[in-house]
Amino acid sequence: MPRRFWFEFDLDPDDQNIPVYLRHGCGVTAEDYEDAVKIVHERVFRGEPLPSIVKMIEDVDVATLDGNHVLPNMGLPLIRGVWFPLGFNKGFE
């Protein structure tokens with residue numbers, strides 16, 4: 001059964017290469033933790049080194065996430081893939 005994961009990363013606030021939307025965190029639905037990390041690594045960071053994970057919530061209740069930025073800008077957390085931030089599931093199967 002797929003599970004919802006929420007990740008927050010150790011990001012340098014002065015690094016202009018980190019997209020602003022990723023500073024809120026990243027939501028992904030996956031089979032397990034290893035699958036979730038693999039999806040984030042391949043889809044969001046495009047195979048580049050993954051920053052240190054400073055927070056991980058397994059089976060996250062999406063209603064507890066930021067109501068100003070995350071909730072209005074997220075995809076469906078019911079299917080395998082990245083649901084926040086948007087735009088990382090093109091061609092994902």
# chains A, B, ... in the order shown; residues from 1 in each chain; ligands from 1
>>> select_by_dssp(residues="chain A", states="alpha helix (DSSP H)", output="mmCIF file with C-alpha atoms, in the first residue's frame")
data_model
loop_
_atom_site.group_PDB
_atom_site.id
_atom_site.type_symbol
_atom_site.label_atom_id
_atom_site.label_comp_id
_atom_site.auth_asym_id
_atom_site.auth_seq_id
_atom_site.Cartn_x
_atom_site.Cartn_y
_atom_site.Cartn_z
ATOM 1 C CA TYR A 33 11.029 4.945 2.615
ATOM 2 C CA GLU A 34 13.683 3.704 0.171
ATOM 3 C CA ASP A 35 11.315 4.128 -2.764
ATOM 4 C CA ALA A 36 10.407 7.646 -1.581
ATOM 5 C CA VAL A 37 14.059 8.708 -1.344
ATOM 6 C CA LYS A 38 14.731 7.211 -4.780
ATOM 7 C CA ILE A 39 11.826 9.159 -6.308
#
>>> select_by_dssp(residues="chain A", states="strand (DSSP E or B)", output="PyMOL selection string")
chain A and resi 3-9+26-30+53-58+81-84
>>> write_last_selection(atoms="N, CA and C atoms", output="PDB file, in the first residue's frame")
ATOM      1  N   ARG A   3       2.441   4.899   0.649  1.00  0.00           N
ATOM      2  CA  ARG A   3       2.474   5.724   1.858  1.00  0.00           C
ATOM      3  C   ARG A   3       2.893   7.138   1.471  1.00  0.00           C
ATOM      4  N   ARG A   4       2.386   8.100   2.218  1.00  0.00           N
ATOM      5  CA  ARG A   4       2.735   9.507   1.989  1.00  0.00           C
ATOM      6  C   ARG A   4       3.923   9.886   2.868  1.00  0.00           C
ATOM      7  N   PHE A   5       4.924  10.496   2.247  1.00  0.00           N
ATOM      8  CA  PHE A   5       6.110  10.952   2.967  1.00  0.00           C
ATOM      9  C   PHE A   5       6.256  12.459   2.789  1.00  0.00           C
ATOM     10  N   TRP A   6       6.742  13.103   3.845  1.00  0.00           N
ATOM     11  CA  TRP A   6       7.066  14.528   3.785  1.00  0.00           C
ATOM     12  C   TRP A   6       8.523  14.669   4.195  1.00  0.00           C
ATOM     13  N   PHE A   7       9.310  15.336   3.342  1.00  0.00           N
ATOM     14  CA  PHE A   7      10.730  15.547   3.608  1.00  0.00           C
ATOM     15  C   PHE A   7      11.035  17.029   3.713  1.00  0.00           C
ATOM     16  N   GLU A   8      11.911  17.370   4.635  1.00  0.00           N
ATOM     17  CA  GLU A   8      12.501  18.710   4.693  1.00  0.00           C
ATOM     18  C   GLU A   8      13.997  18.515   4.693  1.00  0.00           C
ATOM     19  N   PHE A   9      14.693  19.415   4.000  1.00  0.00           N
ATOM     20  CA  PHE A   9      16.120  19.255   3.760  1.00  0.00           C
ATOM     21  C   PHE A   9      16.942  20.365   4.391  1.00  0.00           C
ATOM     22  N   CYS A  26       9.099  18.675   0.643  1.00  0.00           N
ATOM     23  CA  CYS A  26       8.781  17.863  -0.522  1.00  0.00           C
ATOM     24  C   CYS A  26       7.881  16.716  -0.094  1.00  0.00           C
ATOM     25  N   GLY A  27       6.786  16.536  -0.808  1.00  0.00           N
ATOM     26  CA  GLY A  27       5.859  15.458  -0.521  1.00  0.00           C
ATOM     27  C   GLY A  27       5.882  14.424  -1.626  1.00  0.00           C
ATOM     28  N   VAL A  28       5.920  13.173  -1.240  1.00  0.00           N
ATOM     29  CA  VAL A  28       5.978  12.078  -2.217  1.00  0.00           C
ATOM     30  C   VAL A  28       5.198  10.887  -1.690  1.00  0.00           C
ATOM     31  N   THR A  29       4.544  10.197  -2.597  1.00  0.00           N
ATOM     32  CA  THR A  29       3.874   8.950  -2.250  1.00  0.00           C
ATOM     33  C   THR A  29       4.684   7.825  -2.858  1.00  0.00           C
ATOM     34  N   ALA A  30       4.977   6.807  -2.040  1.00  0.00           N
ATOM     35  CA  ALA A  30       5.848   5.718  -2.476  1.00  0.00           C
ATOM     36  C   ALA A  30       5.484   4.444  -1.725  1.00  0.00           C
ATOM     37  N   ILE A  53      18.578  15.144   4.892  1.00  0.00           N
ATOM     38  CA  ILE A  53      17.178  15.200   5.301  1.00  0.00           C
ATOM     39  C   ILE A  53      17.149  15.561   6.784  1.00  0.00           C
ATOM     40  N   VAL A  54      16.497  16.673   7.117  1.00  0.00           N
ATOM     41  CA  VAL A  54      16.441  17.114   8.513  1.00  0.00           C
ATOM     42  C   VAL A  54      15.118  16.739   9.177  1.00  0.00           C
ATOM     43  N   LYS A  55      14.119  16.408   8.337  1.00  0.00           N
ATOM     44  CA  LYS A  55      12.827  16.004   8.879  1.00  0.00           C
ATOM     45  C   LYS A  55      12.161  15.074   7.874  1.00  0.00           C
ATOM     46  N   MET A  56      11.585  13.990   8.394  1.00  0.00           N
ATOM     47  CA  MET A  56      10.849  13.056   7.553  1.00  0.00           C
ATOM     48  C   MET A  56       9.625  12.618   8.340  1.00  0.00           C
ATOM     49  N   ILE A  57       8.471  12.723   7.701  1.00  0.00           N
ATOM     50  CA  ILE A  57       7.231  12.261   8.315  1.00  0.00           C
ATOM     51  C   ILE A  57       6.644  11.189   7.401  1.00  0.00           C
ATOM     52  N   GLU A  58       6.514   9.994   7.933  1.00  0.00           N
ATOM     53  CA  GLU A  58       5.906   8.903   7.195  1.00  0.00           C
ATOM     54  C   GLU A  58       4.409   8.893   7.500  1.00  0.00           C
ATOM     55  N   GLY A  81       4.433   9.046  -6.585  1.00  0.00           N
ATOM     56  CA  GLY A  81       5.134  10.155  -7.213  1.00  0.00           C
ATOM     57  C   GLY A  81       5.197  11.375  -6.322  1.00  0.00           C
ATOM     58  N   VAL A  82       5.762  12.439  -6.869  1.00  0.00           N
ATOM     59  CA  VAL A  82       5.931  13.701  -6.142  1.00  0.00           C
ATOM     60  C   VAL A  82       4.642  14.511  -6.249  1.00  0.00           C
ATOM     61  N   TRP A  83       4.089  14.903  -5.114  1.00  0.00           N
ATOM     62  CA  TRP A  83       2.883  15.723  -5.119  1.00  0.00           C
ATOM     63  C   TRP A  83       3.143  17.144  -4.626  1.00  0.00           C
ATOM     64  N   PHE A  84       4.296  17.385  -4.044  1.00  0.00           N
ATOM     65  CA  PHE A  84       4.731  18.755  -3.747  1.00  0.00           C
ATOM     66  C   PHE A  84       6.239  18.770  -3.740  1.00  0.00           C
TER      67      PHE A  84
END
>>> atom_distance(atom1="atom CA of Val62 of chain A", atom2="atom CA of Gly25 of chain A")
12.3 Å
>>> residues_around(residues="Val70 of chain A", least_positions_apart="2", cutoff="9 Å", atoms="only C-alpha atoms", output="number ranges by chain")
A: 21, 24-25, 62, 65-68, 72-74, 84-85
>>> write_last_selection(atoms="N, CA and C atoms", output="compact mmCIF listing (two decimals), in the first residue's frame")
# COMPACT_ATOMS: atom_id res chain seq x y z
N TYR A 21 10.35 27.09 -3.85
CA TYR A 21 9.28 26.18 -3.44
C TYR A 21 9.80 24.96 -2.70
N HIS A 24 10.04 24.80 1.37
CA HIS A 24 8.93 24.39 2.22
C HIS A 24 8.98 22.91 2.54
N GLY A 25 9.57 22.13 1.64
CA GLY A 25 9.65 20.69 1.81
C GLY A 25 9.26 19.98 0.54
N VAL A 62 -1.78 15.28 5.32
CA VAL A 62 -1.54 16.48 4.51
C VAL A 62 -2.26 17.70 5.08
N LEU A 65 -0.01 20.19 6.86
CA LEU A 65 1.03 20.93 6.13
C LEU A 65 0.63 22.39 5.93
N ASP A 66 1.58 23.21 5.57
CA ASP A 66 1.39 24.65 5.41
C ASP A 66 0.18 24.96 4.52
N GLY A 67 -0.77 25.67 5.09
CA GLY A 67 -2.00 26.00 4.38
C GLY A 67 -1.88 27.14 3.40
N ASN A 68 -0.80 27.92 3.50
CA ASN A 68 -0.62 29.05 2.59
C ASN A 68 0.17 28.70 1.33
N PRO A 72 -2.44 24.64 -1.17
CA PRO A 72 -3.05 25.10 -2.42
C PRO A 72 -2.20 24.79 -3.66
N ASN A 73 -1.00 24.29 -3.48
CA ASN A 73 -0.09 24.06 -4.61
C ASN A 73 0.41 22.64 -4.69
N MET A 74 -0.38 21.69 -4.25
CA MET A 74 0.07 20.30 -4.28
C MET A 74 -0.81 19.47 -5.21
N PHE A 84 4.30 17.38 -4.04
CA PHE A 84 4.73 18.76 -3.75
C PHE A 84 6.24 18.77 -3.74
N PRO A 85 6.83 19.70 -4.43
CA PRO A 85 6.22 20.68 -5.33
C PRO A 85 5.75 20.04 -6.62
>>> closest_residue(among="A:Asp14, A:Glu42, A:Phe88, A:Pro77", to="Ala63 of chain A", atoms="only C-alpha atoms")
A:Pro77
>>> atom_distance(atom1="atom CA of Arg46 of chain A", atom2="atom CA of Met1 of chain A")
25.6 Å
